[in-house]
Structures are given as structure tokens and as C-alpha cells.
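Engineer: upload-v6.pdb is reproduced in full below (PDB, C-alpha atoms and all ligand atoms).
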```pdb
ATOM      1  CA  MET R 879     -30.876 124.685 -83.264  1.00  0.00           C
ATOM      2  CA  ALA R 880     -28.115 122.151 -82.554  1.00  0.00           C
ATOM      3  CA  ALA R 881     -29.127 118.501 -82.882  1.00  0.00           C
ATOM      4  CA  ALA R 882     -29.214 116.520 -79.614  1.00  0.00           C
ATOM      5  CA  SER R 883     -25.897 114.694 -79.279  1.00  0.00           C
ATOM      6  CA  ALA R 884     -26.013 110.891 -79.437  1.00  0.00           C
ATOM      7  CA  PRO R 885     -24.867 108.991 -76.315  1.00  0.00           C
ATOM      8  CA  ALA R 886     -21.124 108.347 -76.350  1.00  0.00           C
ATOM      9  CA  PRO R 887     -20.370 104.834 -77.684  1.00  0.00           C
ATOM     10  CA  LYS R 888     -19.113 102.354 -75.097  1.00  0.00           C
ATOM     11  CA  PRO R 889     -15.419 101.553 -75.583  1.00  0.00           C
ATOM     12  CA  SER R 890     -14.960  98.119 -77.156  1.00  0.00           C
ATOM     13  CA  GLY R 891     -14.542  95.441 -74.493  1.00  0.00           C
ATOM     14  CA  ALA R 892     -15.966  97.613 -71.691  1.00  0.00           C
ATOM     15  CA  VAL R 893     -18.157  95.812 -69.158  1.00  0.00           C
ATOM     16  CA  VAL R 894     -21.522  97.389 -68.398  1.00  0.00           C
ATOM     17  CA  VAL R 895     -23.648  96.228 -65.450  1.00  0.00           C
ATOM     18  CA  GLU R 896     -27.370  96.981 -65.581  1.00  0.00           C
ATOM     19  CA  ARG R 897     -30.670  95.729 -64.183  1.00  0.00           C
ATOM     20  CA  ILE R 898     -32.034  92.778 -66.139  1.00  0.00           C
ATOM     21  CA  ASN R 899     -35.217  93.445 -68.061  1.00  0.00           C
ATOM     22  CA  ALA R 900     -37.688  91.173 -69.827  1.00  0.00           C
ATOM     23  CA  GLN R 901     -35.762  91.305 -73.130  1.00  0.00           C
ATOM     24  CA  ASP R 902     -32.636  89.902 -71.415  1.00  0.00           C
ATOM     25  CA  VAL R 903     -34.357  86.750 -70.125  1.00  0.00           C
ATOM     26  CA  PRO R 904     -33.463  84.369 -73.015  1.00  0.00           C
ATOM     27  CA  ALA R 905     -29.803  85.475 -73.005  1.00  0.00           C
ATOM     28  CA  VAL R 906     -29.546  85.153 -69.214  1.00  0.00           C
ATOM     29  CA  CYS R 907     -31.090  81.668 -69.295  1.00  0.00           C
ATOM     30  CA  GLY R 908     -28.621  80.736 -72.053  1.00  0.00           C
ATOM     31  CA  LEU R 909     -25.774  81.927 -69.824  1.00  0.00           C
ATOM     32  CA  TYR R 910     -26.958  79.855 -66.814  1.00  0.00           C
ATOM     33  CA  LYS R 911     -27.255  76.793 -69.086  1.00  0.00           C
ATOM     34  CA  LYS R 912     -23.753  77.308 -70.495  1.00  0.00           C
ATOM     35  CA  VAL R 913     -22.119  77.881 -67.092  1.00  0.00           C
ATOM     36  CA  TRP R 914     -23.676  74.919 -65.329  1.00  0.00           C
ATOM     37  CA  GLU R 915     -23.140  72.553 -68.267  1.00  0.00           C
ATOM     38  CA  ALA R 916     -19.446  73.430 -68.033  1.00  0.00           C
ATOM     39  CA  GLU R 917     -19.292  73.152 -64.212  1.00  0.00           C
ATOM     40  CA  GLN R 918     -21.487  70.153 -63.562  1.00  0.00           C
ATOM     41  CA  THR R 919     -18.806  67.444 -63.230  1.00  0.00           C
ATOM     42  CA  GLY R 920     -19.587  65.655 -59.988  1.00  0.00           C
ATOM     43  CA  LEU R 921     -22.364  68.036 -58.930  1.00  0.00           C
ATOM     44  CA  PRO R 922     -25.720  66.558 -57.879  1.00  0.00           C
ATOM     45  CA  ALA R 923     -27.983  66.484 -60.962  1.00  0.00           C
ATOM     46  CA  PRO R 924     -31.004  68.112 -59.216  1.00  0.00           C
ATOM     47  CA  LEU R 925     -28.775  71.022 -58.192  1.00  0.00           C
ATOM     48  CA  VAL R 926     -27.485  71.570 -61.725  1.00  0.00           C
ATOM     49  CA  LYS R 927     -31.041  71.409 -63.072  1.00  0.00           C
ATOM     50  CA  SER R 928     -32.318  73.899 -60.477  1.00  0.00           C
ATOM     51  CA  TRP R 929     -29.636  76.416 -61.567  1.00  0.00           C
ATOM     52  CA  GLN R 930     -30.579  76.240 -65.276  1.00  0.00           C
ATOM     53  CA  PRO R 931     -33.977  77.964 -65.369  1.00  0.00           C
ATOM     54  CA  THR R 932     -36.210  78.041 -68.402  1.00  0.00           C
ATOM     55  CA  PRO R 933     -37.316  81.557 -69.438  1.00  0.00           C
ATOM     56  CA  LEU R 934     -40.627  80.919 -67.668  1.00  0.00           C
ATOM     57  CA  GLU R 935     -38.873  79.818 -64.456  1.00  0.00           C
ATOM     58  CA  PHE R 936     -36.481  82.768 -64.591  1.00  0.00           C
ATOM     59  CA  THR R 937     -39.384  85.164 -65.024  1.00  0.00           C
ATOM     60  CA  SER R 938     -40.806  83.831 -61.781  1.00  0.00           C
ATOM     61  CA  TRP R 939     -37.347  84.116 -60.089  1.00  0.00           C
ATOM     62  CA  MET R 940     -37.459  87.812 -61.022  1.00  0.00           C
ATOM     63  CA  GLU R 941     -40.562  88.321 -58.886  1.00  0.00           C
ATOM     64  CA  GLY R 942     -39.118  89.596 -55.623  1.00  0.00           C
ATOM     65  CA  VAL R 943     -35.443  89.345 -56.673  1.00  0.00           C
ATOM     66  CA  THR R 944     -33.557  92.141 -58.460  1.00  0.00           C
ATOM     67  CA  TYR R 945     -31.146  90.773 -61.058  1.00  0.00           C
ATOM     68  CA  PHE R 946     -28.215  92.530 -62.681  1.00  0.00           C
ATOM     69  CA  ALA R 947     -26.490  91.462 -65.909  1.00  0.00           C
ATOM     70  CA  ALA R 948     -22.958  92.257 -67.053  1.00  0.00           C
ATOM     71  CA  ARG R 949     -22.619  92.900 -70.775  1.00  0.00           C
ATOM     72  CA  LYS R 950     -19.456  92.960 -72.818  1.00  0.00           C
ATOM     73  CA  ASP R 951     -19.624  94.053 -76.452  1.00  0.00           C
ATOM     74  CA  GLY R 952     -23.420  93.784 -76.123  1.00  0.00           C
ATOM     75  CA  ARG R 953     -23.357  90.136 -74.981  1.00  0.00           C
ATOM     76  CA  VAL R 954     -24.621  89.010 -71.563  1.00  0.00           C
ATOM     77  CA  VAL R 955     -21.569  87.514 -69.816  1.00  0.00           C
ATOM     78  CA  GLY R 956     -22.568  87.573 -66.147  1.00  0.00           C
ATOM     79  CA  ALA R 957     -25.525  87.734 -63.787  1.00  0.00           C
ATOM     80  CA  ILE R 958     -26.373  88.079 -60.088  1.00  0.00           C
ATOM     81  CA  GLY R 959     -29.578  88.350 -58.063  1.00  0.00           C
ATOM     82  CA  CYS R 960     -30.249  90.447 -54.958  1.00  0.00           C
ATOM     83  CA  ALA R 961     -33.010  89.197 -52.661  1.00  0.00           C
ATOM     84  CA  LEU R 962     -34.084  91.475 -49.826  1.00  0.00           C
ATOM     85  CA  GLU R 963     -34.790  89.042 -46.981  1.00  0.00           C
ATOM     86  CA  ASP R 964     -35.554  90.166 -43.417  1.00  0.00           C
ATOM     87  CA  GLY R 965     -33.872  93.515 -44.105  1.00  0.00           C
ATOM     88  CA  SER R 966     -30.602  92.004 -45.410  1.00  0.00           C
ATOM     89  CA  VAL R 967     -29.593  91.295 -48.990  1.00  0.00           C
ATOM     90  CA  HIS R 968     -28.957  87.705 -50.041  1.00  0.00           C
ATOM     91  CA  LEU R 969     -26.816  87.443 -53.191  1.00  0.00           C
ATOM     92  CA  VAL R 970     -27.991  84.588 -55.409  1.00  0.00           C
ATOM     93  CA  HIS R 971     -27.307  82.917 -58.758  1.00  0.00           C
ATOM     94  CA  LEU R 972     -23.943  84.563 -59.475  1.00  0.00           C
ATOM     95  CA  VAL R 973     -22.331  83.332 -62.701  1.00  0.00           C
ATOM     96  CA  VAL R 974     -19.761  84.569 -65.199  1.00  0.00           C
ATOM     97  CA  ASP R 975     -19.272  83.137 -68.678  1.00  0.00           C
ATOM     98  CA  PRO R 976     -16.235  80.768 -68.623  1.00  0.00           C
ATOM     99  CA  GLU R 977     -14.812  82.606 -71.671  1.00  0.00           C
ATOM    100  CA  VAL R 978     -14.368  85.896 -69.798  1.00  0.00           C
ATOM    101  CA  ARG R 979     -13.325  84.928 -66.270  1.00  0.00           C
ATOM    102  CA  ARG R 980     -10.664  86.747 -64.222  1.00  0.00           C
ATOM    103  CA  GLN R 981     -11.605  90.049 -65.843  1.00  0.00           C
ATOM    104  CA  ARG R 982     -13.305  91.435 -62.712  1.00  0.00           C
ATOM    105  CA  ILE R 983     -16.806  90.809 -64.091  1.00  0.00           C
ATOM    106  CA  ALA R 984     -18.052  89.076 -60.923  1.00  0.00           C
ATOM    107  CA  SER R 985     -16.430  91.887 -58.920  1.00  0.00           C
ATOM    108  CA  ALA R 986     -18.388  94.455 -60.974  1.00  0.00           C
ATOM    109  CA  LEU R 987     -21.637  92.534 -60.473  1.00  0.00           C
ATOM    110  CA  ILE R 988     -21.073  92.303 -56.713  1.00  0.00           C
ATOM    111  CA  ALA R 989     -20.226  96.028 -56.586  1.00  0.00           C
ATOM    112  CA  ALA R 990     -23.577  96.770 -58.287  1.00  0.00           C
ATOM    113  CA  ALA R 991     -25.349  94.445 -55.842  1.00  0.00           C
ATOM    114  CA  ILE R 992     -23.690  96.148 -52.853  1.00  0.00           C
ATOM    115  CA  ASP R 993     -24.645  99.558 -54.196  1.00  0.00           C
ATOM    116  CA  TRP R 994     -28.248  98.342 -54.560  1.00  0.00           C
ATOM    117  CA  ALA R 995     -28.183  96.929 -50.989  1.00  0.00           C
ATOM    118  CA  LYS R 996     -26.910 100.228 -49.595  1.00  0.00           C
ATOM    119  CA  ARG R 997     -29.688 102.100 -51.384  1.00  0.00           C
ATOM    120  CA  ALA R 998     -32.147  99.629 -49.808  1.00  0.00           C
ATOM    121  CA  ASN R 999     -30.611 100.540 -46.392  1.00  0.00           C
ATOM    122  CA  ALA R1000     -29.532  96.943 -45.806  1.00  0.00           C
ATOM    123  CA  PRO R1001     -26.854  96.670 -43.086  1.00  0.00           C
ATOM    124  CA  GLU R1002     -25.375  93.508 -44.583  1.00  0.00           C
ATOM    125  CA  VAL R1003     -25.066  91.385 -47.720  1.00  0.00           C
ATOM    126  CA  TRP R1004     -24.590  87.637 -47.466  1.00  0.00           C
ATOM    127  CA  THR R1005     -24.332  84.626 -49.705  1.00  0.00           C
ATOM    128  CA  ASP R1006     -24.128  80.856 -49.655  1.00  0.00           C
ATOM    129  CA  VAL R1007     -21.553  79.011 -51.743  1.00  0.00           C
ATOM    130  CA  LEU R1008     -20.971  75.286 -52.166  1.00  0.00           C
ATOM    131  CA  ALA R1009     -17.796  74.526 -50.207  1.00  0.00           C
ATOM    132  CA  ARG R1010     -16.318  72.828 -53.283  1.00  0.00           C
ATOM    133  CA  PHE R1011     -16.512  76.060 -55.332  1.00  0.00           C
ATOM    134  CA  SER R1012     -12.977  77.314 -54.824  1.00  0.00           C
ATOM    135  CA  ALA R1013     -13.239  80.200 -57.337  1.00  0.00           C
ATOM    136  CA  ALA R1014     -16.331  81.655 -55.643  1.00  0.00           C
ATOM    137  CA  THR R1015     -14.758  81.182 -52.193  1.00  0.00           C
ATOM    138  CA  ALA R1016     -11.612  83.030 -53.325  1.00  0.00           C
ATOM    139  CA  LEU R1017     -13.755  85.742 -54.917  1.00  0.00           C
ATOM    140  CA  PHE R1018     -15.797  86.517 -51.804  1.00  0.00           C
ATOM    141  CA  ARG R1019     -12.701  86.508 -49.587  1.00  0.00           C
ATOM    142  CA  HIS R1020     -10.951  88.798 -52.090  1.00  0.00           C
ATOM    143  CA  LEU R1021     -13.911  91.206 -51.888  1.00  0.00           C
ATOM    144  CA  GLY R1022     -13.757  91.448 -48.090  1.00  0.00           C
ATOM    145  CA  PHE R1023     -16.532  89.036 -47.176  1.00  0.00           C
ATOM    146  CA  ASP R1024     -16.101  87.093 -43.915  1.00  0.00           C
ATOM    147  CA  GLN R1025     -16.807  83.400 -43.808  1.00  0.00           C
ATOM    148  CA  CYS R1026     -19.445  83.224 -41.087  1.00  0.00           C
ATOM    149  CA  GLY R1027     -20.728  79.683 -41.174  1.00  0.00           C
ATOM    150  CA  LEU R1028     -20.765  76.237 -42.687  1.00  0.00           C
ATOM    151  CA  LEU R1029     -23.894  74.182 -43.270  1.00  0.00           C
ATOM    152  CA  ARG R1030     -22.882  70.568 -43.580  1.00  0.00           C
ATOM    153  CA  LYS R1031     -24.563  68.369 -46.207  1.00  0.00           C
ATOM    154  CA  HIS R1032     -27.076  71.166 -46.594  1.00  0.00           C
ATOM    155  CA  GLN R1033     -27.863  71.241 -50.329  1.00  0.00           C
ATOM    156  CA  TRP R1034     -28.304  67.851 -51.962  1.00  0.00           C
ATOM    157  CA  ASN R1035     -25.701  66.449 -49.537  1.00  0.00           C
ATOM    158  CA  GLU R1036     -23.205  69.250 -50.332  1.00  0.00           C
ATOM    159  CA  ASP R1037     -21.509  71.417 -47.690  1.00  0.00           C
ATOM    160  CA  VAL R1038     -22.408  75.099 -48.029  1.00  0.00           C
ATOM    161  CA  GLN R1039     -20.275  78.015 -46.803  1.00  0.00           C
ATOM    162  CA  LEU R1040     -21.868  81.260 -45.679  1.00  0.00           C
ATOM    163  CA  PHE R1041     -20.192  84.610 -46.347  1.00  0.00           C
ATOM    164  CA  GLU R1042     -21.246  88.052 -45.161  1.00  0.00           C
ATOM    165  CA  ARG R1043     -20.080  91.618 -45.575  1.00  0.00           C
ATOM    166  CA  ILE R1044     -21.232  94.352 -43.230  1.00  0.00           C
ATOM    167  CA  LEU R1045     -21.986  97.547 -45.146  1.00  0.00           C
TER
HETATM  168  C1  LIG R1101     -16.836  82.502 -59.204  1.00  0.00           C
HETATM  169  C2  LIG R1101     -16.980  83.359 -60.474  1.00  0.00           C
HETATM  170  C3  LIG R1101     -18.352  84.037 -60.457  1.00  0.00           C
HETATM  171  C4  LIG R1101     -15.834  84.409 -60.519  1.00  0.00           C
HETATM  172  O1  LIG R1101     -16.050  85.262 -61.641  1.00  0.00           O
HETATM  173  P1  LIG R1101     -14.872  86.188 -62.249  1.00  0.00           P
HETATM  174  O2  LIG R1101     -15.499  87.250 -63.077  1.00  0.00           O
HETATM  175  O3  LIG R1101     -13.859  85.322 -62.915  1.00  0.00           O
HETATM  176  O4  LIG R1101     -14.211  86.834 -60.932  1.00  0.00           O
HETATM  177  P2  LIG R1101     -13.328  88.168 -60.840  1.00  0.00           P
HETATM  178  O5  LIG R1101     -12.529  88.337 -62.108  1.00  0.00           O
HETATM  179  O6  LIG R1101     -14.192  89.305 -60.438  1.00  0.00           O
HETATM  180  O7  LIG R1101     -12.335  87.765 -59.650  1.00  0.00           O
HETATM  181  C5  LIG R1101     -11.873  88.718 -58.684  1.00  0.00           C
HETATM  182  C6  LIG R1101     -10.890  88.037 -57.762  1.00  0.00           C
HETATM  183  O8  LIG R1101     -11.495  86.881 -57.133  1.00  0.00           O
HETATM  184  C7  LIG R1101     -10.494  85.830 -56.998  1.00  0.00           C
HETATM  185  N1  LIG R1101     -10.793  84.729 -57.918  1.00  0.00           N
HETATM  186  C8  LIG R1101     -11.774  84.661 -58.842  1.00  0.00           C
HETATM  187  N2  LIG R1101     -11.747  83.465 -59.496  1.00  0.00           N
HETATM  188  C9  LIG R1101     -10.718  82.774 -58.983  1.00  0.00           C
HETATM  189  C10 LIG R1101     -10.173  81.493 -59.247  1.00  0.00           C
HETATM  190  N3  LIG R1101     -10.676  80.680 -60.202  1.00  0.00           N
HETATM  191  N4  LIG R1101      -9.120  81.076 -58.503  1.00  0.00           N
HETATM  192  C11 LIG R1101      -8.577  81.870 -57.543  1.00  0.00           C
HETATM  193  N5  LIG R1101      -9.047  83.124 -57.245  1.00  0.00           N
HETATM  194  C12 LIG R1101     -10.104  83.564 -57.958  1.00  0.00           C
HETATM  195  C13 LIG R1101      -9.173  86.477 -57.417  1.00  0.00           C
HETATM  196  O9  LIG R1101      -8.630  87.114 -56.252  1.00  0.00           O
HETATM  197  C14 LIG R1101      -9.649  87.515 -58.433  1.00  0.00           C
HETATM  198  O10 LIG R1101      -8.735  88.579 -58.620  1.00  0.00           O
HETATM  199  P3  LIG R1101      -7.452  88.373 -59.629  1.00  0.00           P
HETATM  200  O11 LIG R1101      -8.006  87.795 -60.909  1.00  0.00           O
HETATM  201  O12 LIG R1101      -6.898  89.766 -59.774  1.00  0.00           O
HETATM  202  O13 LIG R1101      -6.520  87.415 -58.934  1.00  0.00           O
HETATM  203  C15 LIG R1101     -16.843  82.443 -61.759  1.00  0.00           C
HETATM  204  O14 LIG R1101     -15.668  81.681 -61.651  1.00  0.00           O
HETATM  205  C16 LIG R1101     -18.034  81.510 -61.979  1.00  0.00           C
HETATM  206  O15 LIG R1101     -19.030  81.901 -62.608  1.00  0.00           O
HETATM  207  N6  LIG R1101     -17.917  80.272 -61.466  1.00  0.00           N
HETATM  208  C17 LIG R1101     -18.977  79.271 -61.659  1.00  0.00           C
HETATM  209  C18 LIG R1101     -20.259  79.646 -60.976  1.00  0.00           C
HETATM  210  C19 LIG R1101     -20.079  79.902 -59.492  1.00  0.00           C
HETATM  211  O16 LIG R1101     -19.284  79.289 -58.787  1.00  0.00           O
HETATM  212  N7  LIG R1101     -20.879  80.840 -59.015  1.00  0.00           N
HETATM  213  C20 LIG R1101     -20.864  81.242 -57.638  1.00  0.00           C
HETATM  214  C21 LIG R1101     -21.920  80.522 -56.912  1.00  0.00           C
HETATM  215  S1  LIG R1101     -22.092  81.310 -55.362  1.00  0.00           S
END
```
Could you take the file, read its structure, and then write that structure out as C-alpha cells?
Structural biologist:
Amino acid sequence: MAAASAPAPKPSGAVVVERINAQDVPAVCGLYKKVWEAEQTGLPAPLVKSWQPTPLEFTSWMEGVTYFAARKDGRVVGAIGCALEDGSVHLVHLVVDPEVRRQRIASALIAAAIDWAKRANAPEVWTDVLARFSAATALFRHLGFDQCGLLRKHQWNEDVQLFERIL
């Protein structure tokens, strides 16, 4: 009898997006810490702290929110959460490792989130982005999201832009 064939190895450098599981929690928390340490210049300290969960805090974030991780060469390099709220999907906590930006990793994470939202029969995905985050603003526009609102001084005195994409 022929032996069962092993799964084909992933090509080196390929990005794989998968649901986060319990084993990923330390790596994902390490990624959030790294990203927000690099980005924090001028950001309100409570905001930066709230985006750097401990493994225990992240485990509680995972209750009710579906998270996806992007892996490259086995390393977690990106993450996003999908929260089903009132029938729509709110995209939360999107980050990509500064070392691998502009390689379509956020785009792949958002594609996975949109696929998940469609399977949940959500008619829309939306997100909130600090107005000062020009990369995230450019990203959501690039991916066909419409800017649909602005909440002034909404989060620790920061303006927040709202983006939505009808599915
Ligand atoms: C915003 C962020 C997630 C983008 O991740 P990324 O993997 O580099 O994004 P992608 O490679 O998928 O970008 C796709 C497109 O978005 C736009 N874009 C992304 N980053 C950009 C930047 N810094 N400047 C201008 N346009 C940008 C471009 O159109 C880009 O396509 P191109 O590279 O062919 O020009 C990343 O910069 C990040 O983690 N920033 C800090 C955390 C953050 O702001 N999170 C979002 C909170 S809502």
C-alpha cells in the first residue's frame, strides 16, 4: 500500500493566514508589543497600553472575537480580529510587523476577515482608525472601504475615522 503523502511544504517566504489558536497567544502578544512600541511616539499612553495585551488579556479578547494571524516562514507577522456586532463585522486590532510592511500582509488579513464576514452573512464590515494613522487610512481606501464618519476627540482625545465596506 502506498504511504500517505506528506502535505506539500509551503514555499519559503509565503504568507499564510489562519485562525489564531491558544498556542499562538504568546507570539501574537509579542507582535502587539513590538508594533505599538515602535508606533507610540506622541500617542496617548493609555491607548498604547490598551493595545499591548498580556497573554491573559488577549485570551479574554478572544472570547467573542475571531482572530486571524499571518505567518511568514513560521513566524507570526500580522493579526486582525473580527467582532460580530449587531449583525455586522467590526475589524479590530489590525497590526503588521514593521519588518514586513508593504508586502500585502494586511491586505491578506483583511481578505480573510471579509471571507469570514461573508460566511457569517454579514452585509458589511467596518473599522475605526485613528485619524493620524495615515498608513491604515491609505490601506482601507486602497481596499475599497468608504470613509463614512469621523468621531472627534473620541479615543483619549484622538480623532477617529470610520470606514465601511458593503459586502
Ligand atoms: C496599516 C498596516 C496594518 C498596513 O500593513 P501592510 O501589510 O504594510 O499593508 P499592505 O502591504 O497590505 O498595503 C496594501 C496597500 O495599502 C496602502 N498602504 C499601506 N501602507 C501604506 C503606507 N505606509 N503609506 C501609503 N500607503 C500605504 C498601499 O496602497 C498598499 O499597496 P502598495 O504597497 O502596492 O502601494 C501597517 O502599516 C501597521 O501595522 N501599522 C501600524 C498599526 C496600525 O496602524 N494598525 C491599524 C489600526 S486600525
Engineer: At what distance in Å, to one decimal, does atom C2 of ligand LIG 1101 (chain R) lie from CA of Arg897 (chain R)?
Structural biologist: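 We find that CA of Arg897 (chain R) and atom C2 of ligand LIG 1101 (chain R) lie 18.8 Å from each other.
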Engineer: How would you write, as a PyMOL selection string, the set of residues no farther than 10 Å from ligand LIG 1101 (chain R) when counting all atoms listed in the file?
Structural biologist: chain R and resi 909-910+913-914+916-918+929+948+955-958+969-989+1005-1021+1038-1041
Engineer: Any chance you can output those residues with C-alpha atoms as an mmCIF file, in the frame of the given file?
Structural biologist:
```
data_model
loop_
_atom_site.group_PDB
_atom_site.id
_atom_site.type_symbol
_atom_site.label_atom_id
_atom_site.label_comp_id
_atom_site.auth_asym_id
_atom_site.auth_seq_id
_atom_site.Cartn_x
_atom_site.Cartn_y
_atom_site.Cartn_z
ATOM 1 C CA LEU R 909 -25.774 81.927 -69.824
ATOM 2 C CA TYR R 910 -26.958 79.855 -66.814
ATOM 3 C CA VAL R 913 -22.119 77.881 -67.092
ATOM 4 C CA TRP R 914 -23.676 74.919 -65.329
ATOM 5 C CA ALA R 916 -19.446 73.430 -68.033
ATOM 6 C CA GLU R 917 -19.292 73.152 -64.212
ATOM 7 C CA GLN R 918 -21.487 70.153 -63.562
ATOM 8 C CA TRP R 929 -29.636 76.416 -61.567
ATOM 9 C CA ALA R 948 -22.958 92.257 -67.053
ATOM 10 C CA VAL R 955 -21.569 87.514 -69.816
ATOM 11 C CA GLY R 956 -22.568 87.573 -66.147
ATOM 12 C CA ALA R 957 -25.525 87.734 -63.787
ATOM 13 C CA ILE R 958 -26.373 88.079 -60.088
ATOM 14 C CA LEU R 969 -26.816 87.443 -53.191
ATOM 15 C CA VAL R 970 -27.991 84.588 -55.409
ATOM 16 C CA HIS R 971 -27.307 82.917 -58.758
ATOM 17 C CA LEU R 972 -23.943 84.563 -59.475
ATOM 18 C CA VAL R 973 -22.331 83.332 -62.701
ATOM 19 C CA VAL R 974 -19.761 84.569 -65.199
ATOM 20 C CA ASP R 975 -19.272 83.137 -68.678
ATOM 21 C CA PRO R 976 -16.235 80.768 -68.623
ATOM 22 C CA GLU R 977 -14.812 82.606 -71.671
ATOM 23 C CA VAL R 978 -14.368 85.896 -69.798
ATOM 24 C CA ARG R 979 -13.325 84.928 -66.270
ATOM 25 C CA ARG R 980 -10.664 86.747 -64.222
ATOM 26 C CA GLN R 981 -11.605 90.049 -65.843
ATOM 27 C CA ARG R 982 -13.305 91.435 -62.712
ATOM 28 C CA ILE R 983 -16.806 90.809 -64.091
ATOM 29 C CA ALA R 984 -18.052 89.076 -60.923
ATOM 30 C CA SER R 985 -16.430 91.887 -58.920
ATOM 31 C CA ALA R 986 -18.388 94.455 -60.974
ATOM 32 C CA LEU R 987 -21.637 92.534 -60.473
ATOM 33 C CA ILE R 988 -21.073 92.303 -56.713
ATOM 34 C CA ALA R 989 -20.226 96.028 -56.586
ATOM 35 C CA THR R 1005 -24.332 84.626 -49.705
ATOM 36 C CA ASP R 1006 -24.128 80.856 -49.655
ATOM 37 C CA VAL R 1007 -21.553 79.011 -51.743
ATOM 38 C CA LEU R 1008 -20.971 75.286 -52.166
ATOM 39 C CA ALA R 1009 -17.796 74.526 -50.207
ATOM 40 C CA ARG R 1010 -16.318 72.828 -53.283
ATOM 41 C CA PHE R 1011 -16.512 76.060 -55.332
ATOM 42 C CA SER R 1012 -12.977 77.314 -54.824
ATOM 43 C CA ALA R 1013 -13.239 80.200 -57.337
ATOM 44 C CA ALA R 1014 -16.331 81.655 -55.643
ATOM 45 C CA THR R 1015 -14.758 81.182 -52.193
ATOM 46 C CA ALA R 1016 -11.612 83.030 -53.325
ATOM 47 C CA LEU R 1017 -13.755 85.742 -54.917
ATOM 48 C CA PHE R 1018 -15.797 86.517 -51.804
ATOM 49 C CA ARG R 1019 -12.701 86.508 -49.587
ATOM 50 C CA HIS R 1020 -10.951 88.798 -52.090
ATOM 51 C CA LEU R 1021 -13.911 91.206 -51.888
ATOM 52 C CA VAL R 1038 -22.408 75.099 -48.029
ATOM 53 C CA GLN R 1039 -20.275 78.015 -46.803
ATOM 54 C CA LEU R 1040 -21.868 81.260 -45.679
ATOM 55 C CA PHE R 1041 -20.192 84.610 -46.347
#
```
Engineer: Please indicate the distance in Å from CA of Glu935 (chain R) to CA of Ala991 (chain R), rounded to one decimal place.
Structural biologist: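 Spanning CA of Glu935 (chain R) to CA of Ala991 (chain R) is a straight-line distance of 21.7 Å.
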Engineer: Could you check the closest approach to Gly952 (chain R) for each of R:Pro933, R:Trp1034, R:Lys927, R:Val895 and tell me which residue wins, using all atoms listed in the file?
Structural biologist: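 Once distances to Gly952 (chain R) are computed over all atoms listed in the file, the minimum belongs to R:Val895.
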Engineer: Expanded to explicit residues, what is the PyMOL selection byres (((chain R and resi 1001) around 12) and not hetatm) for this file, as a ChimeraX atom specification?
Structural biologist: /R:962-968,992-1000,1002-1004,1042-1045
Engineer: Report, in Å to a single decimal, how far apart CA of Pro922 (chain R) and CA of Gly1027 (chain R) are.
Structural biologist: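 Computed distance, CA of Gly1027 (chain R) to CA of Pro922 (chain R), equals 21.8 Å.
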Engineer: Write out as a list in words which residues come within 9 Å of Glu896 (chain R) when counting all atoms listed in the file, dropping same-chain ones fewer than 4 positions away.
Structural biologist: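 What passes the distance filter is Tyr945, Phe946, Ala947, Ala948, Arg949, Leu987 and Ala990 of chain R.
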Engineer: What would the list of residues within 9 Å of (-19.0, 99.2, -70.3) (file frame) look like as a ChimeraX atom specification, if all atoms listed in the file are what count?
Structural biologist: /R:888-895,948-951
Engineer: Return as a ChimeraX atom specification the set of residues that the PyMOL selection byres (((chain R and resi 900-903) around 8) and not hetatm) yields on the displayed structure.
Structural biologist: /R:898-899,904-907,933,936-937
Engineer: To box region 924-938 of chain R, take all atoms listed in the file, fit an axis-aligned box, add 3 Å on each side, and give centre and edge lengths in Å to one decimal, as AutoDock Vina command-line options.
Structural biologist:
```
--center_x -34.1 --center_y 76.6 --center_z -63.8 --size_x 19.3 --size_y 23.1 --size_z 17.2
```
